[in-house]
>>> print(open('query-v9.cif').read())   # mmCIF, C-alpha atoms and all ligand atoms
data_query
#
loop_
_atom_site.group_PDB
_atom_site.id
_atom_site.type_symbol
_atom_site.label_atom_id
_atom_site.label_comp_id
_atom_site.auth_asym_id
_atom_site.auth_seq_id
_atom_site.Cartn_x
_atom_site.Cartn_y
_atom_site.Cartn_z
ATOM 1 C CA MET A 1 8.886 -3.336 -2.473
ATOM 2 C CA GLY A 2 8.039 -6.990 -2.087
ATOM 3 C CA ALA A 3 8.717 -8.714 1.232
ATOM 4 C CA TYR A 4 11.702 -10.515 -0.290
ATOM 5 C CA GLU A 5 13.230 -7.272 -1.527
ATOM 6 C CA VAL A 6 12.847 -5.914 1.993
ATOM 7 C CA LEU A 7 14.573 -9.065 3.220
ATOM 8 C CA ASP A 8 17.450 -8.496 0.771
ATOM 9 C CA GLU A 9 17.887 -4.901 1.917
ATOM 10 C CA LEU A 10 17.634 -5.888 5.549
ATOM 11 C CA GLY A 11 20.164 -8.684 5.003
ATOM 12 C CA LYS A 12 22.790 -6.050 4.195
ATOM 13 C CA GLU A 13 22.287 -4.470 7.622
ATOM 14 C CA LEU A 14 21.366 -7.550 9.582
ATOM 15 C CA PRO A 15 22.911 -10.672 8.147
ATOM 16 C CA GLY A 16 20.733 -13.658 9.010
ATOM 17 C CA ALA A 17 17.398 -11.769 8.986
ATOM 18 C CA ARG A 18 14.760 -14.384 8.210
ATOM 19 C CA PRO A 19 11.411 -14.035 6.435
ATOM 20 C CA PRO A 20 9.344 -14.300 9.643
ATOM 21 C CA THR A 21 11.324 -11.371 11.066
ATOM 22 C CA VAL A 22 10.587 -9.328 7.976
ATOM 23 C CA TYR A 23 6.887 -10.177 7.982
ATOM 24 C CA ARG A 24 6.642 -9.299 11.650
ATOM 25 C CA ALA A 25 8.430 -6.000 11.048
ATOM 26 C CA LEU A 26 6.171 -5.183 8.099
ATOM 27 C CA ALA A 27 3.036 -6.058 10.069
ATOM 28 C CA PHE A 28 4.236 -3.741 12.830
ATOM 29 C CA LEU A 29 4.972 -0.878 10.414
ATOM 30 C CA GLN A 30 1.567 -1.410 8.842
ATOM 31 C CA GLU A 31 -0.115 -1.281 12.245
ATOM 32 C CA GLN A 32 1.690 1.979 12.995
ATOM 33 C CA GLY A 33 0.516 3.409 9.669
ATOM 34 C CA LEU A 34 4.059 3.780 8.354
ATOM 35 C CA VAL A 35 3.634 1.500 5.353
ATOM 36 C CA HIS A 36 0.720 0.400 3.204
ATOM 37 C CA ARG A 37 0.335 -3.054 1.751
ATOM 38 C CA LEU A 38 -0.592 -3.278 -1.919
ATOM 39 C CA GLU A 39 -2.624 -6.462 -2.124
ATOM 40 C CA SER A 40 -2.808 -6.585 -5.906
ATOM 41 C CA ILE A 41 0.967 -6.748 -6.351
ATOM 42 C CA SER A 42 1.921 -8.174 -2.908
ATOM 43 C CA ALA A 43 4.175 -5.258 -2.113
ATOM 44 C CA TYR A 44 4.655 -2.554 0.495
ATOM 45 C CA VAL A 45 5.139 1.180 0.125
ATOM 46 C CA GLY A 46 6.172 3.747 2.694
ATOM 47 C CA CYS A 47 3.281 6.009 3.656
ATOM 48 C CA LEU A 48 3.487 9.659 2.617
ATOM 49 C CA HIS A 49 1.357 10.861 5.524
ATOM 50 C CA PRO A 50 2.265 8.616 8.455
ATOM 51 C CA ASP A 51 1.186 11.266 10.974
ATOM 52 C CA HIS A 52 -2.533 10.680 10.543
ATOM 53 C CA HIS A 53 -5.003 8.002 9.561
ATOM 54 C CA HIS A 54 -6.293 8.624 6.070
ATOM 55 C CA ALA A 55 -8.294 7.254 3.199
ATOM 56 C CA VAL A 56 -5.925 5.816 0.658
ATOM 57 C CA GLN A 57 -6.053 5.059 -3.024
ATOM 58 C CA PHE A 58 -3.169 3.875 -5.145
ATOM 59 C CA LEU A 59 -2.410 4.318 -8.812
ATOM 60 C CA ILE A 60 -0.115 1.419 -9.728
ATOM 61 C CA CYS A 61 1.723 1.467 -13.055
ATOM 62 C CA ARG A 62 1.946 -2.004 -14.546
ATOM 63 C CA ASP A 63 4.838 -0.986 -16.830
ATOM 64 C CA CYS A 64 7.350 0.731 -14.533
ATOM 65 C CA GLY A 65 5.880 -0.248 -11.163
ATOM 66 C CA ALA A 66 5.526 3.358 -9.993
ATOM 67 C CA VAL A 67 2.989 3.730 -7.191
ATOM 68 C CA GLN A 68 1.225 6.996 -6.467
ATOM 69 C CA GLU A 69 -0.551 7.389 -3.151
ATOM 70 C CA LEU A 70 -3.711 9.490 -3.131
ATOM 71 C CA THR A 71 -5.821 10.452 -0.141
ATOM 72 C CA ASP A 72 -9.198 11.456 -1.479
ATOM 73 C CA ALA A 73 -11.641 11.608 1.418
ATOM 74 C CA GLU A 74 -14.526 11.777 -1.040
ATOM 75 C CA VAL A 75 -13.700 8.302 -2.359
ATOM 76 C CA GLU A 76 -13.718 6.931 1.185
ATOM 77 C CA HIS A 77 -16.974 8.703 1.909
ATOM 78 C CA THR A 78 -18.608 7.252 -1.213
ATOM 79 C CA LEU A 79 -17.348 3.731 -0.499
ATOM 80 C CA GLY A 80 -18.556 4.025 3.074
ATOM 81 C CA ARG A 81 -21.998 5.053 1.887
ATOM 82 C CA ILE A 82 -22.188 2.197 -0.625
ATOM 83 C CA ALA A 83 -21.001 -0.336 1.952
ATOM 84 C CA GLY A 84 -23.508 1.043 4.437
ATOM 85 C CA ARG A 85 -26.299 0.668 1.926
ATOM 86 C CA CYS A 86 -25.332 -3.013 1.604
ATOM 87 C CA ARG A 87 -25.180 -3.234 5.401
ATOM 88 C CA PHE A 88 -21.576 -4.187 5.010
ATOM 89 C CA GLU A 89 -19.208 -3.269 7.817
ATOM 90 C CA ALA A 90 -15.982 -2.291 6.057
ATOM 91 C CA ASP A 91 -12.615 -2.782 7.783
ATOM 92 C CA SER A 92 -10.457 -1.352 5.064
ATOM 93 C CA MET A 93 -11.280 0.743 2.040
ATOM 94 C CA VAL A 94 -8.064 0.771 0.086
ATOM 95 C CA VAL A 95 -8.513 1.280 -3.636
ATOM 96 C CA GLU A 96 -5.849 -0.052 -5.983
ATOM 97 C CA VAL A 97 -6.063 1.210 -9.533
ATOM 98 C CA THR A 98 -3.743 -0.472 -12.016
ATOM 99 C CA GLY A 99 -2.809 0.929 -15.395
ATOM 100 C CA ARG A 100 -0.053 3.040 -16.912
ATOM 101 C CA CYS A 101 1.467 6.170 -15.402
ATOM 102 C CA ALA A 102 1.837 9.463 -17.265
ATOM 103 C CA GLY A 103 5.501 8.758 -18.008
ATOM 104 C CA CYS A 104 4.794 5.337 -19.514
ATOM 105 C CA VAL A 105 1.836 6.593 -21.555
ATOM 106 C CA ARG A 106 4.085 9.312 -23.032
ATOM 107 C CA SER A 107 6.902 6.950 -24.066
HETATM 108 ZN ZN ZN B 201 -0.522 6.737 3.517
HETATM 109 ZN ZN ZN B 202 4.904 3.821 -15.451
#
>>> encode(input="query-v9.cif", output="structure tokens", more="lines below")
Ligand SMILES: [Zn+2]
Ligand SMILES: [Zn+2]
Amino acid sequence: MGAYEVLDELGKELPGARPPTVYRALAFLQEQGLVHRLESISAYVGCLHPDHHHAVQFLICRDCGAVQELTDAEVEHTLGRIAGRCRFEADSMVVEVTGRCAGCVRS
């Protein structure tokens, strides 16, 4: 969901909700690990494993917009090693893979 879609949904419950309110709410949810932000498509998705911090990779379908959340610790480990080799101190290691989902490839 994009921030404006969230705003639309929220508007049904809370008439008069303004964009700053929505951005603040999303930032809070993100901080709590309840949603992830998808930078490449400027959207947010609810987290599937909000109970613990985890490595996260996304498969984003460019045709239907489906987003699959993966938590492959090996990917995070590899990225961490590569960053370390470059003496780069990583804050976030979210991987966003765009392409076409199984359903869209089939049709
Ligand atoms: Zn998650
Ligand atoms: Zn698709």
>>> residues_near_ligand(input="query-v9.cif", ligand="ligand ZN 202 (chain B)", cutoff="7 Å", atoms="all atoms listed in the file", output="list in words")
Cys61, Arg62, Asp63, Cys64, Gly65, Ala66, Arg100, Cys101, Ala102, Gly103 and Cys104 of chain A
>>> residues_near_point(input="query-v9.cif", point="(-9.2, 10.0, 8.8)", cutoff="10 Å", atoms="only C-alpha atoms", output="PDB file with C-alpha atoms, in the frame of the given file")
ATOM      1  CA  HIS A  52      -2.533  10.680  10.543  1.00  0.00           C
ATOM      2  CA  HIS A  53      -5.003   8.002   9.561  1.00  0.00           C
ATOM      3  CA  HIS A  54      -6.293   8.624   6.070  1.00  0.00           C
ATOM      4  CA  ALA A  55      -8.294   7.254   3.199  1.00  0.00           C
ATOM      5  CA  VAL A  56      -5.925   5.816   0.658  1.00  0.00           C
ATOM      6  CA  THR A  71      -5.821  10.452  -0.141  1.00  0.00           C
ATOM      7  CA  ALA A  73     -11.641  11.608   1.418  1.00  0.00           C
ATOM      8  CA  GLU A  76     -13.718   6.931   1.185  1.00  0.00           C
TER       9      GLU A  76
END
>>> residues_around(input="query-v9.cif", residues="A:Gln57", least_positions_apart="4", cutoff="8 Å", atoms="all atoms listed in the file", output="number ranges by chain")
A: 69-72, 94-97
>>> closest_residue(input="query-v9.cif", among="A:Ile60, A:Ile82, A:Leu7, A:Met1", to="A:Ala43", atoms="only C-alpha atoms")
A:Met1
>>> residues_near_ligand(input="query-v9.cif", ligand="ligand ZN 201 (chain B)", cutoff="6 Å", atoms="only C-alpha atoms and all ligand atoms", output="PDB file with C-alpha atoms, in the coordinates of the input")
ATOM      1  CA  CYS A  47       3.281   6.009   3.656  1.00  0.00           C
ATOM      2  CA  LEU A  48       3.487   9.659   2.617  1.00  0.00           C
ATOM      3  CA  HIS A  49       1.357  10.861   5.524  1.00  0.00           C
ATOM      4  CA  PRO A  50       2.265   8.616   8.455  1.00  0.00           C
TER       5      PRO A  50
END
>>> atom_distance(input="query-v9.cif", atom1="atom CA of A:Pro20", atom2="atom CA of A:Val35")
17.3 Å
>>> residues_around(input="query-v9.cif", residues="A:Gly46", least_positions_apart="5", cutoff="12 Å", atoms="only C-alpha atoms", output="list in words")
Met1, Gly2, Val6, Leu26, Leu29, Gln30, Gln32, Gly33, Leu34, Val35, His36, Arg37, Leu38, Val67, Gln68 and Glu69 of chain A
>>> atom_distance(input="query-v9.cif", atom1="atom CA of A:Asp91", atom2="atom CA of A:Tyr23")
20.9 Å
>>> atom_distance(input="query-v9.cif", atom1="atom CA of A:Thr98", atom2="atom CA of A:Leu59")
5.9 Å
>>> closest_residue(input="query-v9.cif", among="A:Gly99, A:Tyr4, A:Glu13, A:Phe58", to="A:Glu39", atoms="only C-alpha atoms")
A:Phe58
>>> closest_residue(input="query-v9.cif", among="A:Ala27, A:Val105, A:Val75, A:Ala3", to="A:Ser42", atoms="only C-alpha atoms")
A:Ala3
>>> closest_residue(input="query-v9.cif", among="A:Arg106, A:Thr21, A:Glu5, A:Gly11", to="A:Tyr44", atoms="only C-alpha atoms")
A:Glu5
>>> axis_aligned_box(input="query-v9.cif", around="stretch 4-14 of chain A", padding_each_side="5 Å", output="AutoDock Vina command-line options")
--center_x 17.2 --center_y -7.5 --center_z 4.0 --size_x 21.1 --size_y 16.0 --size_z 21.1
>>> decode(input="query-v9.cif", residues="stretch 43-66 of chain A", atoms="N, CA and C atoms", output="mmCIF file, in the first residue's frame")
data_model
loop_
_atom_site.group_PDB
_atom_site.id
_atom_site.type_symbol
_atom_site.label_atom_id
_atom_site.label_comp_id
_atom_site.auth_asym_id
_atom_site.auth_seq_id
_atom_site.Cartn_x
_atom_site.Cartn_y
_atom_site.Cartn_z
ATOM 1 N N ALA A 43 6.080 2.000 -1.066
ATOM 2 C CA ALA A 43 4.876 1.422 -0.478
ATOM 3 C C ALA A 43 5.226 0.735 0.835
ATOM 4 N N TYR A 44 4.186 0.343 1.559
ATOM 5 C CA TYR A 44 4.373 -0.327 2.844
ATOM 6 C C TYR A 44 3.649 -1.663 2.828
ATOM 7 N N VAL A 45 4.226 -2.647 3.482
ATOM 8 C CA VAL A 45 3.535 -3.929 3.640
ATOM 9 C C VAL A 45 3.581 -4.312 5.111
ATOM 10 N N GLY A 46 2.521 -4.988 5.545
ATOM 11 C CA GLY A 46 2.493 -5.500 6.911
ATOM 12 C C GLY A 46 3.527 -6.598 7.024
ATOM 13 N N CYS A 47 4.213 -6.656 8.172
ATOM 14 C CA CYS A 47 5.242 -7.678 8.359
ATOM 15 C C CYS A 47 4.587 -9.010 8.720
ATOM 16 N N LEU A 48 5.166 -10.095 8.189
ATOM 17 C CA LEU A 48 4.633 -11.428 8.478
ATOM 18 C C LEU A 48 5.183 -11.985 9.784
ATOM 19 N N HIS A 49 6.260 -11.419 10.272
ATOM 20 C CA HIS A 49 6.878 -11.944 11.498
ATOM 21 C C HIS A 49 7.193 -10.787 12.433
ATOM 22 N N PRO A 50 6.164 -10.072 12.874
ATOM 23 C CA PRO A 50 6.412 -8.853 13.660
ATOM 24 C C PRO A 50 6.995 -9.138 15.045
ATOM 25 N N ASP A 51 7.006 -10.414 15.451
ATOM 26 C CA ASP A 51 7.455 -10.745 16.801
ATOM 27 C C ASP A 51 8.967 -10.736 16.967
ATOM 28 N N HIS A 52 9.710 -10.748 15.870
ATOM 29 C CA HIS A 52 11.164 -10.718 16.023
ATOM 30 C C HIS A 52 11.818 -9.955 14.876
ATOM 31 N N HIS A 53 13.002 -9.424 15.181
ATOM 32 C CA HIS A 53 13.772 -8.730 14.156
ATOM 33 C C HIS A 53 14.289 -9.788 13.187
ATOM 34 N N HIS A 54 14.264 -9.480 11.910
ATOM 35 C CA HIS A 54 14.714 -10.486 10.952
ATOM 36 C C HIS A 54 15.268 -9.853 9.693
ATOM 37 N N ALA A 55 16.100 -10.637 9.020
ATOM 38 C CA ALA A 55 16.587 -10.246 7.704
ATOM 39 C C ALA A 55 15.370 -10.252 6.793
ATOM 40 N N VAL A 56 15.328 -9.366 5.832
ATOM 41 C CA VAL A 56 14.155 -9.371 4.973
ATOM 42 C C VAL A 56 14.517 -9.110 3.519
ATOM 43 N N GLN A 57 13.916 -9.928 2.670
ATOM 44 C CA GLN A 57 14.050 -9.749 1.232
ATOM 45 C C GLN A 57 12.639 -9.768 0.654
ATOM 46 N N PHE A 58 12.436 -8.973 -0.380
ATOM 47 C CA PHE A 58 11.118 -8.937 -0.995
ATOM 48 C C PHE A 58 11.188 -9.300 -2.464
ATOM 49 N N LEU A 59 10.205 -10.087 -2.899
ATOM 50 C CA LEU A 59 10.028 -10.354 -4.316
ATOM 51 C C LEU A 59 8.801 -9.538 -4.703
ATOM 52 N N ILE A 60 8.996 -8.554 -5.586
ATOM 53 C CA ILE A 60 7.929 -7.621 -5.942
ATOM 54 C C ILE A 60 7.542 -7.837 -7.400
ATOM 55 N N CYS A 61 6.278 -8.201 -7.626
ATOM 56 C CA CYS A 61 5.829 -8.447 -9.001
ATOM 57 C C CYS A 61 5.458 -7.117 -9.650
ATOM 58 N N ARG A 62 6.058 -6.840 -10.786
ATOM 59 C CA ARG A 62 5.792 -5.565 -11.453
ATOM 60 C C ARG A 62 4.474 -5.609 -12.225
ATOM 61 N N ASP A 63 3.913 -6.799 -12.445
ATOM 62 C CA ASP A 63 2.645 -6.891 -13.174
ATOM 63 C C ASP A 63 1.438 -6.767 -12.250
ATOM 64 N N CYS A 64 1.379 -7.601 -11.196
ATOM 65 C CA CYS A 64 0.187 -7.575 -10.341
ATOM 66 C C CYS A 64 0.448 -6.869 -9.014
ATOM 67 N N GLY A 65 1.709 -6.535 -8.734
ATOM 68 C CA GLY A 65 2.007 -5.812 -7.501
ATOM 69 C C GLY A 65 2.110 -6.698 -6.270
ATOM 70 N N ALA A 66 2.025 -8.028 -6.463
ATOM 71 C CA ALA A 66 2.137 -8.931 -5.321
ATOM 72 C C ALA A 66 3.528 -8.804 -4.707
#
